[in-house]
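**Student:** This is my_file-v1.json, which holds JSON, C-alpha atoms:
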```
[["chain", "number", "residue", "atom", "x", "y", "z"],
["T", 1, "PRO", "CA", 142.04, 106.83, 92.88],
["T", 2, "VAL", "CA", 142.49, 105.71, 96.47],
["T", 3, "PRO", "CA", 144.14, 108.40, 98.64],
["T", 4, "VAL", "CA", 147.33, 107.21, 100.32],
["T", 5, "ALA", "CA", 148.94, 108.91, 103.32],
["T", 6, "PRO", "CA", 151.43, 107.93, 106.02],
["T", 7, "ALA", "CA", 149.87, 106.89, 109.32],
["T", 8, "ALA", "CA", 150.75, 105.37, 112.67],
["T", 9, "HIS", "CA", 148.24, 103.06, 114.34],
["T", 10, "TYR", "CA", 149.98, 102.87, 117.71],
["T", 11, "ALA", "CA", 150.81, 105.05, 120.68],
["T", 12, "SER", "CA", 153.94, 104.75, 122.80],
["T", 13, "GLY", "CA", 152.50, 104.86, 126.29],
["T", 14, "GLY", "CA", 149.28, 103.89, 127.97],
["T", 15, "VAL", "CA", 147.92, 103.03, 131.40],
["T", 16, "ARG", "CA", 150.83, 103.07, 133.83],
["T", 17, "THR", "CA", 151.51, 99.75, 135.58],
["T", 18, "ASP", "CA", 154.12, 98.17, 137.81],
["T", 19, "SER", "CA", 156.02, 94.96, 137.05],
["T", 20, "HIS", "CA", 152.94, 92.89, 137.96],
["T", 21, "GLY", "CA", 150.48, 94.77, 135.77],
["T", 22, "ARG", "CA", 148.93, 96.67, 138.69],
["T", 23, "THR", "CA", 147.73, 100.22, 137.97],
["T", 24, "THR", "CA", 147.22, 103.21, 140.24],
["T", 25, "VAL", "CA", 143.62, 102.05, 140.75],
["T", 26, "PRO", "CA", 143.44, 99.28, 143.39],
["T", 27, "GLY", "CA", 142.22, 96.02, 141.88],
["T", 28, "LEU", "CA", 142.63, 97.22, 138.27],
["T", 29, "TYR", "CA", 145.25, 95.47, 136.11],
["T", 30, "SER", "CA", 146.45, 96.35, 132.61],
["T", 31, "CYS", "CA", 148.61, 94.66, 129.97],
["T", 32, "GLY", "CA", 149.22, 94.56, 126.24],
["T", 33, "GLU", "CA", 148.67, 97.54, 123.96],
["T", 34, "VAL", "CA", 146.68, 99.51, 126.51],
["T", 35, "ALA", "CA", 149.44, 99.38, 129.15],
["T", 36, "CYS", "CA", 152.61, 101.37, 129.77],
["T", 37, "THR", "CA", 154.85, 98.91, 131.58],
["T", 38, "GLY", "CA", 158.16, 100.71, 131.03],
["T", 39, "VAL", "CA", 159.68, 98.09, 128.72],
["T", 40, "HIS", "CA", 159.05, 100.16, 125.57],
["T", 41, "GLY", "CA", 160.97, 103.22, 124.50],
["T", 42, "ALA", "CA", 159.82, 106.05, 122.25],
["T", 43, "ASN", "CA", 158.90, 103.54, 119.53],
["T", 44, "ARG", "CA", 156.56, 100.60, 119.96],
["T", 45, "LEU", "CA", 158.02, 97.94, 117.66],
["T", 46, "ALA", "CA", 155.73, 95.63, 115.71],
["T", 47, "SER", "CA", 154.34, 92.67, 117.71],
["T", 48, "ASN", "CA", 156.22, 93.58, 120.89],
["T", 49, "SER", "CA", 152.95, 94.35, 122.62],
["T", 50, "LEU", "CA", 151.73, 90.82, 121.88],
["T", 51, "LEU", "CA", 154.74, 89.28, 123.59],
["T", 52, "GLU", "CA", 154.45, 91.81, 126.40],
["T", 53, "GLY", "CA", 150.79, 90.84, 126.80],
["T", 54, "LEU", "CA", 151.74, 87.20, 127.28],
["T", 55, "VAL", "CA", 154.37, 87.99, 129.91],
["T", 56, "TYR", "CA", 152.30, 90.47, 131.88],
["T", 57, "ALA", "CA", 149.10, 88.43, 131.59],
["T", 58, "GLU", "CA", 150.91, 85.57, 133.33],
["T", 59, "ARG", "CA", 152.24, 87.93, 136.00],
["T", 60, "ILE", "CA", 148.77, 89.38, 136.55],
["T", 61, "ALA", "CA", 147.23, 85.92, 136.88],
["T", 62, "ALA", "CA", 149.91, 84.94, 139.39],
["T", 63, "ASP", "CA", 149.35, 88.12, 141.41],
["T", 64, "ILE", "CA", 145.58, 87.57, 141.51],
["T", 65, "ALA", "CA", 146.00, 83.91, 142.46],
["T", 66, "GLY", "CA", 148.50, 84.80, 145.18],
["T", 67, "ALA", "CA", 146.29, 87.54, 146.63],
["T", 68, "GLY", "CA", 143.52, 85.14, 147.62],
["T", 69, "ASP", "CA", 140.89, 86.71, 149.87],
["T", 70, "ALA", "CA", 142.98, 89.87, 150.17],
["T", 71, "LEU", "CA", 142.09, 90.79, 146.59],
["T", 72, "ALA", "CA", 138.55, 91.78, 147.58],
["T", 73, "ALA", "CA", 139.93, 94.41, 149.96],
["T", 74, "ARG", "CA", 141.85, 96.01, 147.07],
["T", 75, "VAL", "CA", 138.77, 96.43, 144.87],
["T", 76, "PRO", "CA", 136.73, 99.62, 145.42],
["T", 77, "GLN", "CA", 133.04, 99.22, 146.11],
["T", 78, "PRO", "CA", 130.74, 100.15, 143.21],
["T", 79, "LEU", "CA", 129.17, 103.58, 143.34],
["T", 80, "PRO", "CA", 125.38, 103.84, 143.66],
["T", 81, "ALA", "CA", 123.50, 104.55, 140.46],
["T", 82, "ALA", "CA", 123.23, 108.27, 139.76],
["T", 83, "GLU", "CA", 119.93, 109.96, 139.00],
["T", 84, "ARG", "CA", 121.46, 111.49, 135.87],
["T", 85, "PRO", "CA", 124.52, 110.67, 133.74],
["T", 86, "ALA", "CA", 127.76, 111.68, 135.47],
["T", 87, "TYR", "CA", 129.61, 112.11, 132.20],
["T", 88, "PRO", "CA", 128.36, 113.19, 128.75],
["T", 89, "LEU", "CA", 128.45, 110.66, 125.95],
["T", 90, "LEU", "CA", 129.29, 111.84, 122.46],
["T", 91, "PRO", "CA", 127.07, 110.92, 119.52],
["T", 92, "ALA", "CA", 128.49, 108.18, 117.31],
["T", 93, "GLU", "CA", 129.07, 110.59, 114.41],
["T", 94, "ALA", "CA", 131.60, 112.51, 116.53],
["T", 95, "ARG", "CA", 134.04, 109.68, 115.81],
["T", 96, "LEU", "CA", 134.73, 111.00, 112.30],
["T", 97, "THR", "CA", 135.31, 114.53, 113.63],
["T", 98, "ILE", "CA", 137.85, 113.19, 116.13],
["T", 99, "GLN", "CA", 139.62, 111.16, 113.45],
["T", 100, "ARG", "CA", 139.89, 114.14, 111.12],
["T", 101, "ALA", "CA", 141.17, 116.44, 113.87],
["T", 102, "MET", "CA", 143.85, 113.92, 114.86],
["T", 103, "THR", "CA", 144.92, 113.22, 111.27],
["T", 104, "ARG", "CA", 145.31, 116.92, 110.51],
["T", 105, "GLY", "CA", 146.85, 118.04, 113.77],
["T", 106, "ALA", "CA", 148.56, 115.06, 115.44],
["T", 107, "GLY", "CA", 149.52, 112.77, 112.58],
["T", 108, "VAL", "CA", 152.95, 111.44, 111.69],
["T", 109, "LEU", "CA", 154.30, 115.02, 111.49],
["T", 110, "ARG", "CA", 153.26, 117.49, 114.20],
["T", 111, "SER", "CA", 153.95, 121.09, 115.18],
["T", 112, "GLU", "CA", 152.78, 123.43, 117.92],
["T", 113, "GLU", "CA", 150.40, 125.06, 115.44],
["T", 114, "SER", "CA", 148.87, 121.80, 114.25],
["T", 115, "LEU", "CA", 148.63, 120.38, 117.78],
["T", 116, "ALA", "CA", 147.01, 123.58, 119.05],
["T", 117, "GLY", "CA", 144.39, 123.28, 116.32],
["T", 118, "ALA", "CA", 143.69, 119.68, 117.23],
["T", 119, "ALA", "CA", 143.51, 120.54, 120.93],
["T", 120, "ASP", "CA", 141.02, 123.33, 120.25],
["T", 121, "ARG", "CA", 138.75, 121.10, 118.15],
["T", 122, "LEU", "CA", 138.83, 118.30, 120.72],
["T", 123, "HIS", "CA", 138.17, 120.73, 123.57],
["T", 124, "ARG", "CA", 135.12, 122.10, 121.79],
["T", 125, "LEU", "CA", 133.72, 118.59, 121.32],
["T", 126, "HIS", "CA", 134.26, 117.89, 125.01],
["T", 127, "ALA", "CA", 132.88, 121.26, 126.15],
["T", 128, "ASP", "CA", 129.78, 121.09, 123.94],
["T", 129, "ALA", "CA", 128.87, 117.65, 125.27],
["T", 130, "ARG", "CA", 129.53, 118.72, 128.87],
["T", 131, "ASP", "CA", 127.49, 121.92, 128.52],
["T", 132, "ALA", "CA", 124.57, 120.05, 126.99],
["T", 133, "LEU", "CA", 124.55, 117.71, 129.98],
["T", 134, "ASP", "CA", 124.97, 120.48, 132.56],
["T", 135, "GLU", "CA", 122.38, 122.82, 131.09],
["T", 136, "HIS", "CA", 119.78, 120.45, 129.69],
["T", 137, "GLY", "CA", 120.59, 117.04, 131.12],
["T", 138, "LYS", "CA", 121.03, 115.74, 127.58],
["T", 139, "THR", "CA", 123.58, 113.20, 126.43],
["T", 140, "ALA", "CA", 123.84, 110.64, 123.64],
["T", 141, "GLU", "CA", 122.03, 107.36, 124.12],
["T", 142, "PRO", "CA", 124.35, 104.81, 125.80],
["T", 143, "GLY", "CA", 125.63, 102.17, 123.41],
["T", 144, "VAL", "CA", 128.77, 100.68, 121.91],
["T", 145, "ASP", "CA", 129.15, 103.44, 119.30],
["T", 146, "THR", "CA", 128.64, 106.32, 121.72],
["T", 147, "TRP", "CA", 131.00, 104.87, 124.33],
["T", 148, "GLU", "CA", 133.64, 104.26, 121.66],
["T", 149, "ALA", "CA", 133.39, 107.84, 120.42],
["T", 150, "THR", "CA", 133.57, 109.17, 123.98],
["T", 151, "ASN", "CA", 136.59, 107.02, 124.84],
["T", 152, "LEU", "CA", 138.32, 108.00, 121.59],
["T", 153, "LEU", "CA", 137.92, 111.65, 122.52],
["T", 154, "CYS", "CA", 139.50, 111.04, 125.93],
["T", 155, "VAL", "CA", 142.49, 109.21, 124.41],
["T", 156, "ALA", "CA", 142.87, 111.84, 121.70],
["T", 157, "ARG", "CA", 142.95, 114.63, 124.29],
["T", 158, "VAL", "CA", 145.65, 112.79, 126.26],
["T", 159, "LEU", "CA", 147.80, 112.17, 123.16],
["T", 160, "VAL", "CA", 147.60, 115.80, 122.03],
["T", 161, "ALA", "CA", 148.35, 117.11, 125.54],
["T", 162, "ALA", "CA", 151.45, 114.89, 125.81],
["T", 163, "ALA", "CA", 152.60, 115.78, 122.28],
["T", 164, "ARG", "CA", 152.34, 119.51, 123.04],
["T", 165, "GLN", "CA", 154.27, 119.02, 126.27],
["T", 166, "ARG", "CA", 157.20, 117.24, 124.60],
["T", 167, "GLU", "CA", 158.94, 120.02, 122.68],
["T", 168, "GLU", "CA", 161.40, 117.84, 120.78],
["T", 169, "THR", "CA", 161.48, 114.98, 118.28],
["T", 170, "ARG", "CA", 161.88, 111.51, 119.80],
["T", 171, "GLY", "CA", 161.02, 108.14, 118.28],
["T", 172, "CYS", "CA", 157.67, 108.21, 116.54],
["T", 173, "HIS", "CA", 156.93, 111.68, 117.99],
["T", 174, "TRP", "CA", 158.12, 113.93, 115.15],
["T", 175, "ARG", "CA", 157.81, 117.67, 115.70],
["T", 176, "GLU", "CA", 158.41, 119.62, 112.50],
["T", 177, "ASP", "CA", 159.02, 122.80, 114.51],
["T", 178, "ARG", "CA", 161.49, 121.04, 116.87],
["T", 179, "PRO", "CA", 163.26, 118.41, 114.73],
["T", 180, "GLU", "CA", 166.14, 117.67, 117.13],
["T", 181, "ARG", "CA", 166.17, 115.31, 120.12],
["T", 182, "ASP", "CA", 166.95, 117.01, 123.43],
["T", 183, "ASP", "CA", 168.15, 114.46, 126.00],
["T", 184, "THR", "CA", 169.12, 117.09, 128.56],
["T", 185, "THR", "CA", 165.59, 118.48, 128.90],
["T", 186, "TRP", "CA", 163.30, 115.80, 127.55],
["T", 187, "ARG", "CA", 164.77, 112.39, 128.39],
["T", 188, "ARG", "CA", 161.87, 112.11, 130.78],
["T", 189, "HIS", "CA", 158.45, 110.52, 131.04],
["T", 190, "ILE", "CA", 155.22, 112.48, 130.65],
["T", 191, "VAL", "CA", 152.40, 111.57, 133.04],
["T", 192, "VAL", "CA", 148.81, 112.58, 132.27],
["T", 193, "ARG", "CA", 146.11, 112.26, 134.90],
["T", 194, "LEU", "CA", 142.37, 112.66, 134.36],
["T", 195, "ASN", "CA", 140.93, 114.90, 137.08],
["T", 196, "PRO", "CA", 137.44, 114.38, 138.55],
["T", 197, "ASP", "CA", 136.13, 117.28, 136.43],
["T", 198, "ARG", "CA", 137.52, 115.53, 133.31],
["T", 199, "SER", "CA", 140.29, 118.11, 132.84],
["T", 200, "LEU", "CA", 143.83, 116.84, 132.22],
["T", 201, "ALA", "CA", 146.81, 117.31, 134.54],
["T", 202, "VAL", "CA", 150.07, 116.95, 132.57],
["T", 203, "ARG", "CA", 153.50, 116.76, 134.17],
["T", 204, "THR", "CA", 157.03, 115.74, 133.21],
["T", 205, "THR", "CA", 158.99, 113.49, 135.56],
["T", 206, "ASP", "CA", 162.10, 114.88, 137.23],
["T", 207, "THR", "CA", 164.31, 111.91, 136.31],
["T", 208, "THR", "CA", 164.59, 109.24, 133.64],
["T", 209, "ASP", "CA", 163.24, 106.63, 136.07],
["T", 210, "PHE", "CA", 159.92, 105.06, 135.14],
["T", 211, "PRO", "CA", 157.33, 106.60, 137.52],
["T", 212, "PRO", "CA", 155.99, 103.99, 139.97],
["T", 213, "THR", "CA", 152.33, 103.28, 140.51],
["T", 214, "LEU", "CA", 150.74, 104.08, 143.84],
["T", 215, "PRO", "CA", 151.62, 101.69, 146.68],
["T", 216, "GLN", "CA", 149.30, 98.70, 146.76],
["T", 217, "PRO", "CA", 147.55, 97.83, 150.06],
["T", 218, "GLN", "CA", 149.58, 94.64, 150.58],
["T", 219, "GLU", "CA", 152.80, 96.62, 150.17],
["T", 220, "GLN", "CA", 152.05, 99.29, 152.78]]
```
Please, can you express the file's structure as structure tokens?
**Tutor:**
Amino acid sequence: PVPVAPAAHYASGGVRTDSHGRTTVPGLYSCGEVACTGVHGANRLASNSLLEGLVYAERIAADIAGAGDALAARVPQPLPAAERPAYPLLPAEARLTIQRAMTRGAGVLRSEESLAGAADRLHRLHADARDALDEHGKTAEPGVDTWEATNLLCVARVLVAAARQREETRGCHWREDRPERDDTTWRRHIVVRLNPDRSLAVRTTDTTDFPPTLPQPQEQ
């Protein structure tokens, strides 16, 4: 028999952008499923991201075309090559561990207990890879599979951190231990920032307004 279980293949949120697809990183644009443009609510409806991608892709193209030579000034200069890897890569087989941790702890139904378990397992994966790099200079061989596993871990950590922060049920975020929606406290956005040491800074906005991106150079 083939096992069947409910699942959700999407996340409501993503890289924060303004109305022209510009992110908080100068020169970096985002649109489609990876972006959080503010036009979605707590549910991402089927195919909406495709239409959103078309609209924001056109806006991004127009912004780049209109920037002209000024665009180069908005793009950071590349960093010099490091003598050793700056960030540990996970082995490709870690992908299955991440998937299992997320299915068990952050699936369609969540709770503080299940999310805490997922957070602990993901943290250990991250810490083990970081310690191996710090202590022995060892990391997985760079490649598509290892970068995918490493990026999946980063996204999984962000999703679990945001899900633990939101202590209510809203849209596709269903907390078994907090089944009611709480507009007074939680009709807010959750912003997660990746710190230089790869730790996560999680905060809830003070108002319902969509948080703006950082001012762009041409707007200062």
**Student:** Neighbours of Gly66 in chain T within 12 Å (all atoms listed in the file; same-chain residues fewer than 5 positions away dropped), as a PyMOL selection string?
**Tutor:** chain T and resi 20+59-61+71+218
**Student:** Compare T:Thr24, T:Ser19, T:Ser111, T:Asn43 by their minimum atom-to-atom distance to Ala62 in chain T, counting all atoms listed in the file, and give me the closest one.
**Tutor:**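 Selected residue with least distance to Ala62 in chain T: T:Ser19.
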**Student:** Kindly give the distance, in Å, that separates CA of Asp18 in chain T and CA of Ala73 in chain T, rounded to a single decimal.
**Tutor:**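 Result for CA of Asp18 in chain T versus CA of Ala73 in chain T: 19.1 Å, one decimal.
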**Student:** Around (145.9, 97.3, 125.1) in the file's frame, which residues reach within 12 Å when counting all atoms listed in the file? Return as a ChimeraX atom specification?
**Tutor:** /T:10-16,21,29-37,48-50,52-54,56-57
**Student:** Kindly indicate which residue among T:His189, T:Ala106, T:Asn195, T:Thr169 lies nearest to Thr208 in chain T, using all atoms listed in the file for the distances.
**Tutor:**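 Ranked by minimum distance to Thr208 in chain T, first place goes to T:His189.
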**Student:** Write out as a ChimeraX atom specification the residues lying within 12 Å of range 78-84 of chain T, counting all atoms listed in the file and excluding same-chain residues fewer than 2 positions away.
**Tutor:** /T:75-76,86-88,133-134,136-139
**Student:** How many Å lie between CA of Asp131 in chain T and CA of Gly105 in chain T, rounded to one decimal?
**Tutor:**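 So the answer is 24.6 Å.
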**Student:** Within 6 Å of range 145-160 of chain T, counting all atoms listed in the file, which residues show up once you throw out same-chain ones fewer than 5 positions away? Write them as a VMD selection string, please.
**Tutor:** chain T and resid 89 to 92 95
**Student:** Just the number, please: distance in Å from CA of Gln165 in chain T to CA of Thr213 in chain T, one decimal.
**Tutor:**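 Rounded to one decimal, the two atoms are 21.3 Å apart.
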**Student:** For Arg164 in chain T, which residue out of T:Gln99, T:Thr185, T:Ser114, T:Ser199 is the nearest one, using all atoms listed in the file?
**Tutor:**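 Checking each of T:Gln99, T:Thr185, T:Ser114, T:Ser199 against Arg164 in chain T, counting all atoms listed in the file, the winner is T:Ser114.
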**Student:** Within 9 Å of range 175-182 of chain T, which residues of range 90-155 of chain T come that close, and what is the closest atom pair and distance in Å for each? Count all atoms listed in the file and give it as a Markdown table.
**Tutor:**
```
| residue | atom | partner | partner_atom | distance |
| --- | --- | --- | --- | --- |
| T:Val108 | CA | T:Arg175 | CA | 8.9 |
| T:Leu109 | CA | T:Arg175 | CA | 6.1 |
| T:Arg110 | CA | T:Arg175 | CA | 4.8 |
| T:Ser111 | CA | T:Arg175 | CA | 5.2 |
| T:Glu112 | CA | T:Asp177 | CA | 7.1 |
| T:Glu113 | CA | T:Asp177 | CA | 9.0 |
```
**Student:** Need the shell around range 1-5 of chain T: protein/DNA/RNA residues with any atom at most 12 Å away, counting all atoms listed in the file. Skip same-chain ones fewer than 2 positions apart. Format as JSON, numbers by chain?
**Tutor:** {"T": [7, 8, 103, 104, 107, 108, 109]}
**Student:** Counting all atoms listed in the file, figure out which residue out of T:Ala201, T:Leu125, T:Leu194, T:Cys172 gets nearest to Arg44 in chain T.
**Tutor:**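 Among the listed residues, T:Cys172 lies closest to Arg44 in chain T.
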**Student:** Between T:Ala162, T:Leu200, T:Met102, T:Ala127, which is the closest to Arg188 in chain T once you count only C-alpha atoms?
**Tutor:**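 Of T:Ala162, T:Leu200, T:Met102, T:Ala127, the one nearest Arg188 in chain T, counting only C-alpha atoms, is T:Ala162.
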